[in-house]
Amino acid sequence: MKKITIACLLGFLLLTIIYLPACKKNEVTSPINTEDANEEYSGGLLATTFDFSENAFGHEVSGLQGTKADDFVVGNSFFRNNWVTAPASTTARDGLGVMLNAQSCGGCHSKDGRAAPPESPTAPLNGLLFRLSVPGTSPNGSPNPEPVYGGQLNNRAILGVTPEGYVSTTYTEETVNYPDGETCKLRKPTYTFTNLGYGIMQADFMFSPRIANQVMGLGLLEAIPEATILAFADENDADKNGISGRPNKVYSVVSKKTELGRFGWKANQPTIMQQTAGAFKGDIGITSSLFPDENLTPAQAALYPNLPNGGTPEIEDVNLNRVVFYMRTLAVPGRRNTNDASVIKGKQLFTQVNCVGCHKAKIETGFDIIPQLSKQVIRPYTDLLLHDMGTALADNRPDFLATGTEWRTPPLWGLGLVKTVNGHTTLLHDGRARNVEEAILWHGGEAEKSKQAFKQLNKAERLSLIKFTQSL
C-alpha cells in the first residue's frame, strides 16, 4: 500500500471542504477507485455533481454566488422558456422565427440533455435538424448554403409563413455477426425531403443530419488549452497506429479570423458564444449582435417583406451572455460504480482495444475567468479532434476543413445517464445507434481496428466494456 503523506492528506481534505458546500441535499458521495484517485470527479473537484436523477445535467458548478448565481438562473430561464412571435407584451422573448425548428433551446436539449431521432416517417423531428449546402465554400470558408433554403432546413414557421419542409426518416436493418456466434442488428436511416415549401433544391445539394446533444460541461471543454488539443493531433499518423486526428479550423465572427473549432458534431464552432448565437438564429429564428440578419434567404425575404420582429437584435447582449454563462457553468455528472469489478475490467478493455486513442480519458483545463473551470483535471473522454469514421457514417458534406467522412470525437461523460434524463439510449450524430453496442459497431475508418478488437472480445468482456461506458 502506498504511503499517504500528511501534506497530501491535508491537501485532499482542503479540496473536499471547498467542494462540499456545492452538494445538493439529494446528492450522494461516491467512493474513490484506488486505481485512479478522484476519477469519479468527471468535471474536476469544483464542476462535478453527484445528483444522478433526471436533473443530472442541469446543475451549476459549485460556489456561484451573488450576480453570478443570478446570471445562471436567468440564463437557465432564457434557455428553457419558449420564445413568442412579435409583437408581444413579453418583449424580452418576442421575435420567434420567421423560420424555426424549435421555440426554445430546451425544445431540443430537454433537461439540458440529448434529443432522440424520430422513430417513424411521420413523427416530429424534435431535435434532429438538417444542415444544407451545395458544392463550394462561402468567403469565410464555411459550407456554401443551398440558394433557396439556406444552411439549415426549418420544418416550422410562424403563422402566415410557409415552413421550408419536412424530412421523413425510415430505417433498414442489417446484422453484424460476432466470432463467438452472437449477433447484433444495426439500423440504417434513409431520409426523404418532403413538402418543400419553396420549390426544389439545387440538384447537387448536400445535407447532414445532426441530433441535439447534451450541453453540460461545455465550459470545461472551452477551458482546455488549444496547445493541449493540438498536441493530440497526428494528422499524418506519424506513430502508425491508424489514428490521425486533426483539428478543424473555422471562422470566428467575433475575431474575424480563423480559430480552432471545438463544438458541434464536426467541430465547426470555435466558442460557446458563437455556437449559442448561431443556434438562436438557425433553430429559433432569433437575431443577435453576432448574427443580426433574419433567418431568411434572399428569395424568402422577397416573399415576406413586412414581417414583424422582436427588435434589433431580438436577444440583447446582456441576455445572450447570461445564456452562454449558464451553458459554461453546467456541471458534469460524476462517475458511478467505479469500484465494481466488471466496470474496472471494462475500463481496462476500453484501453486495450484503444478506444482511448480518440476518447482521451484525462485532460487538465487551463486558466479560466470562471475559477471553477480553471486548472481542473477532467475526464471528458474526447480529444475534440476530427477523425475519419468511414463511409458507413459519412454524411458526404464538408464543413470547413472537415471532410464528408470526418466527425469530432464526442465527449462520453454523462453517457450512462441519458436514459435517466431523456428516456432513451440513442447515440451517434443522427441517433441511429439504439445503444452503446450499436454505436461501437458503426465505427469505421480510423476506428476500424478498435471495432474489430471489440468484436474479438467474448460476450462477458463486451458487456464489461459497455458497462464501463455506462458508468461515465
# chains A, B, ... in the order shown; residues from 1 in each chain; ligands from 1
call {"tool": "select_by_dssp", "arguments": {"residues": "range 207-357 of chain A", "states": "strand (DSSP E or B)", "output": "PyMOL selection string"}}
result
chain A and resi 207-211+246+249-251+258-260+263+269+330+332-333
call {"tool": "write_last_selection", "arguments": {"atoms": "N, CA and C atoms", "output": "PDB file, in the first residue's frame"}}
result
ATOM      1  N   PHE A 207     -26.690  17.311 -47.578  1.00  0.00           N
ATOM      2  CA  PHE A 207     -27.316  17.516 -46.279  1.00  0.00           C
ATOM      3  C   PHE A 207     -26.613  16.672 -45.228  1.00  0.00           C
ATOM      4  N   SER A 208     -26.751  17.116 -43.978  1.00  0.00           N
ATOM      5  CA  SER A 208     -26.137  16.399 -42.861  1.00  0.00           C
ATOM      6  C   SER A 208     -27.099  16.382 -41.689  1.00  0.00           C
ATOM      7  N   PRO A 209     -27.549  15.211 -41.253  1.00  0.00           N
ATOM      8  CA  PRO A 209     -28.406  15.130 -40.064  1.00  0.00           C
ATOM      9  C   PRO A 209     -27.596  15.355 -38.800  1.00  0.00           C
ATOM     10  N   ARG A 210     -28.134  16.140 -37.885  1.00  0.00           N
ATOM     11  CA  ARG A 210     -27.437  16.455 -36.637  1.00  0.00           C
ATOM     12  C   ARG A 210     -28.435  16.392 -35.472  1.00  0.00           C
ATOM     13  N   ILE A 211     -28.202  15.503 -34.521  1.00  0.00           N
ATOM     14  CA  ILE A 211     -29.083  15.402 -33.359  1.00  0.00           C
ATOM     15  C   ILE A 211     -28.592  16.359 -32.279  1.00  0.00           C
ATOM     16  N   ARG A 246      -7.220  15.284 -36.424  1.00  0.00           N
ATOM     17  CA  ARG A 246      -6.748  16.616 -36.806  1.00  0.00           C
ATOM     18  C   ARG A 246      -7.766  17.666 -36.402  1.00  0.00           C
ATOM     19  N   LYS A 249     -10.412  24.037 -38.405  1.00  0.00           N
ATOM     20  CA  LYS A 249     -10.135  25.474 -38.296  1.00  0.00           C
ATOM     21  C   LYS A 249     -11.321  26.200 -38.909  1.00  0.00           C
ATOM     22  N   VAL A 250     -11.968  27.043 -38.115  1.00  0.00           N
ATOM     23  CA  VAL A 250     -13.244  27.633 -38.503  1.00  0.00           C
ATOM     24  C   VAL A 250     -13.211  29.144 -38.327  1.00  0.00           C
ATOM     25  N   TYR A 251     -14.192  29.797 -38.903  1.00  0.00           N
ATOM     26  CA  TYR A 251     -14.232  31.270 -38.881  1.00  0.00           C
ATOM     27  C   TYR A 251     -14.935  31.765 -37.631  1.00  0.00           C
ATOM     28  N   THR A 258      -9.628  32.958 -38.469  1.00  0.00           N
ATOM     29  CA  THR A 258      -9.785  31.516 -38.362  1.00  0.00           C
ATOM     30  C   THR A 258      -9.292  31.054 -36.999  1.00  0.00           C
ATOM     31  N   GLU A 259     -10.094  30.239 -36.310  1.00  0.00           N
ATOM     32  CA  GLU A 259      -9.750  29.748 -34.989  1.00  0.00           C
ATOM     33  C   GLU A 259      -9.977  28.243 -34.908  1.00  0.00           C
ATOM     34  N   LEU A 260      -9.503  27.645 -33.833  1.00  0.00           N
ATOM     35  CA  LEU A 260      -9.709  26.224 -33.601  1.00  0.00           C
ATOM     36  C   LEU A 260     -11.177  25.934 -33.361  1.00  0.00           C
ATOM     37  N   PHE A 263     -16.653  22.880 -30.977  1.00  0.00           N
ATOM     38  CA  PHE A 263     -18.018  22.485 -30.665  1.00  0.00           C
ATOM     39  C   PHE A 263     -18.796  22.102 -31.919  1.00  0.00           C
ATOM     40  N   GLN A 269     -17.677  25.072 -34.699  1.00  0.00           N
ATOM     41  CA  GLN A 269     -17.858  26.307 -33.951  1.00  0.00           C
ATOM     42  C   GLN A 269     -16.670  26.513 -33.010  1.00  0.00           C
ATOM     43  N   LEU A 330     -22.564  24.720 -16.446  1.00  0.00           N
ATOM     44  CA  LEU A 330     -23.280  23.486 -16.139  1.00  0.00           C
ATOM     45  C   LEU A 330     -22.272  22.415 -15.722  1.00  0.00           C
ATOM     46  N   VAL A 332     -20.817  18.606 -14.569  1.00  0.00           N
ATOM     47  CA  VAL A 332     -20.818  17.285 -15.198  1.00  0.00           C
ATOM     48  C   VAL A 332     -21.156  16.228 -14.154  1.00  0.00           C
ATOM     49  N   PRO A 333     -22.027  15.273 -14.468  1.00  0.00           N
ATOM     50  CA  PRO A 333     -22.286  14.192 -13.516  1.00  0.00           C
ATOM     51  C   PRO A 333     -21.033  13.356 -13.267  1.00  0.00           C
TER      52      PRO A 333
END
call {"tool": "residues_around", "arguments": {"residues": "Phe232 in chain A", "least_positions_apart": "2", "cutoff": "12 Å", "atoms": "only C-alpha atoms", "output": "VMD selection string"}}
result
chain A and resid 225 to 230 234 to 235 237 to 239 243 to 247 356 to 360 363 382 to 387 409
call {"tool": "closest_residue", "arguments": {"among": "A:Ser104, A:Thr67, A:Asn268, A:Asn126", "to": "Ser142 in chain A", "atoms": "only C-alpha atoms"}}
result
A:Asn268
call {"tool": "closest_atom_pairs", "arguments": {"of": "range 133-225 of chain A", "to": "range 438-451 of chain A", "cutoff": "12 Å", "atoms": "only C-alpha atoms", "output": "tab-separated table"}}
result
residue	atom	partner	partner_atom	distance
A:Glu173	CA	A:Glu438	CA	11.5
A:Glu174	CA	A:Glu438	CA	11.1
A:Thr175	CA	A:Leu441	CA	10.4
A:Val176	CA	A:Leu441	CA	7.9
A:Asn177	CA	A:Leu441	CA	10.3
A:Tyr178	CA	A:Leu441	CA	10.5
A:Thr183	CA	A:Glu438	CA	10.8
A:Cys184	CA	A:Glu438	CA	7.4
A:Lys185	CA	A:Glu438	CA	7.6
A:Leu186	CA	A:Glu438	CA	6.1
A:Arg187	CA	A:Glu438	CA	8.6
A:Lys188	CA	A:Trp442	CA	9.7
call {"tool": "residues_around", "arguments": {"residues": "range 93-99 of chain A", "least_positions_apart": "6", "cutoff": "9 Å", "atoms": "only C-alpha atoms", "output": "PyMOL selection string"}}
result
chain A and resi 78+81-87+153-159+161-164+281-287+294-296+307-311+314-315
call {"tool": "residues_around", "arguments": {"residues": "range 394-398 of chain A", "least_positions_apart": "6", "cutoff": "6 Å", "atoms": "only C-alpha atoms", "output": "compact mmCIF listing (two decimals) with C-alpha atoms, in the first residue's frame"}}
result
# COMPACT_ATOMS: atom_id res chain seq x y z
CA MET A 206 -25.83 18.07 -49.71
CA SER A 208 -26.14 16.40 -42.86
CA GLY A 404 -17.65 14.13 -45.56
CA THR A 405 -16.37 11.17 -43.52
call {"tool": "select_by_dssp", "arguments": {"residues": "range 341-381 of chain A", "states": "alpha helix (DSSP H)", "output": "ChimeraX atom specification"}}
result
/A:341-352
call {"tool": "atom_distance", "arguments": {"atom1": "CA of Thr426 in chain A", "atom2": "CA of Thr190 in chain A"}}
result
16.4 Å
call {"tool": "residues_around", "arguments": {"residues": "Pro121 in chain A", "least_positions_apart": "3", "cutoff": "10 Å", "atoms": "only C-alpha atoms", "output": "list in words"}}
result
Pro118, Pro124, Leu125, Val167, Ser168, Thr169, Thr170, Tyr171, Thr190, Tyr191 and Thr192 of chain A
call {"tool": "residues_around", "arguments": {"residues": "Thr425 in chain A", "least_positions_apart": "2", "cutoff": "6 Å", "atoms": "only C-alpha atoms", "output": "list in words"}}
result
Lys419, Arg434 and Asn435 of chain A
call {"tool": "write_last_selection", "arguments": {"atoms": "N, CA and C atoms", "output": "mmCIF file, in the first residue's frame"}}
result
data_model
loop_
_atom_site.group_PDB
_atom_site.id
_atom_site.type_symbol
_atom_site.label_atom_id
_atom_site.label_comp_id
_atom_site.auth_asym_id
_atom_site.auth_seq_id
_atom_site.Cartn_x
_atom_site.Cartn_y
_atom_site.Cartn_z
ATOM 1 N N LYS A 419 -30.416 7.914 -20.526
ATOM 2 C CA LYS A 419 -31.709 7.237 -20.382
ATOM 3 C C LYS A 419 -32.484 7.797 -19.196
ATOM 4 N N ARG A 434 -29.035 2.502 -31.294
ATOM 5 C CA ARG A 434 -30.000 2.426 -30.208
ATOM 6 C C ARG A 434 -29.350 2.181 -28.850
ATOM 7 N N ASN A 435 -28.066 1.938 -28.851
ATOM 8 C CA ASN A 435 -27.346 1.685 -27.608
ATOM 9 C C ASN A 435 -25.848 1.761 -27.883
#
call {"tool": "residues_around", "arguments": {"residues": "range 42-57 of chain A", "least_positions_apart": "2", "cutoff": "6 Å", "atoms": "only C-alpha atoms", "output": "list in words"}}
result
Tyr19, Glu27, Val28, Glu40, Val61, Ser62, Asp112, Met216, Ala331, Val332, Pro333, Gly334, Gln372, Gln376, Val377, Ile378, Arg379, Thr420 and Val421 of chain A
call {"tool": "closest_residue", "arguments": {"among": "A:Thr297, A:Arg80, A:Ala115, A:Gly242", "to": "Tyr149 in chain A", "atoms": "only C-alpha atoms"}}
result
A:Thr297
call {"tool": "closest_residue", "arguments": {"among": "A:Ala116, A:Leu100, A:Ala123, A:Met273", "to": "Ala433 in chain A", "atoms": "only C-alpha atoms"}}
result
A:Ala116
call {"tool": "atom_distance", "arguments": {"atom1": "CA of His424 in chain A", "atom2": "CA of Val343 in chain A"}}
result
21.5 Å
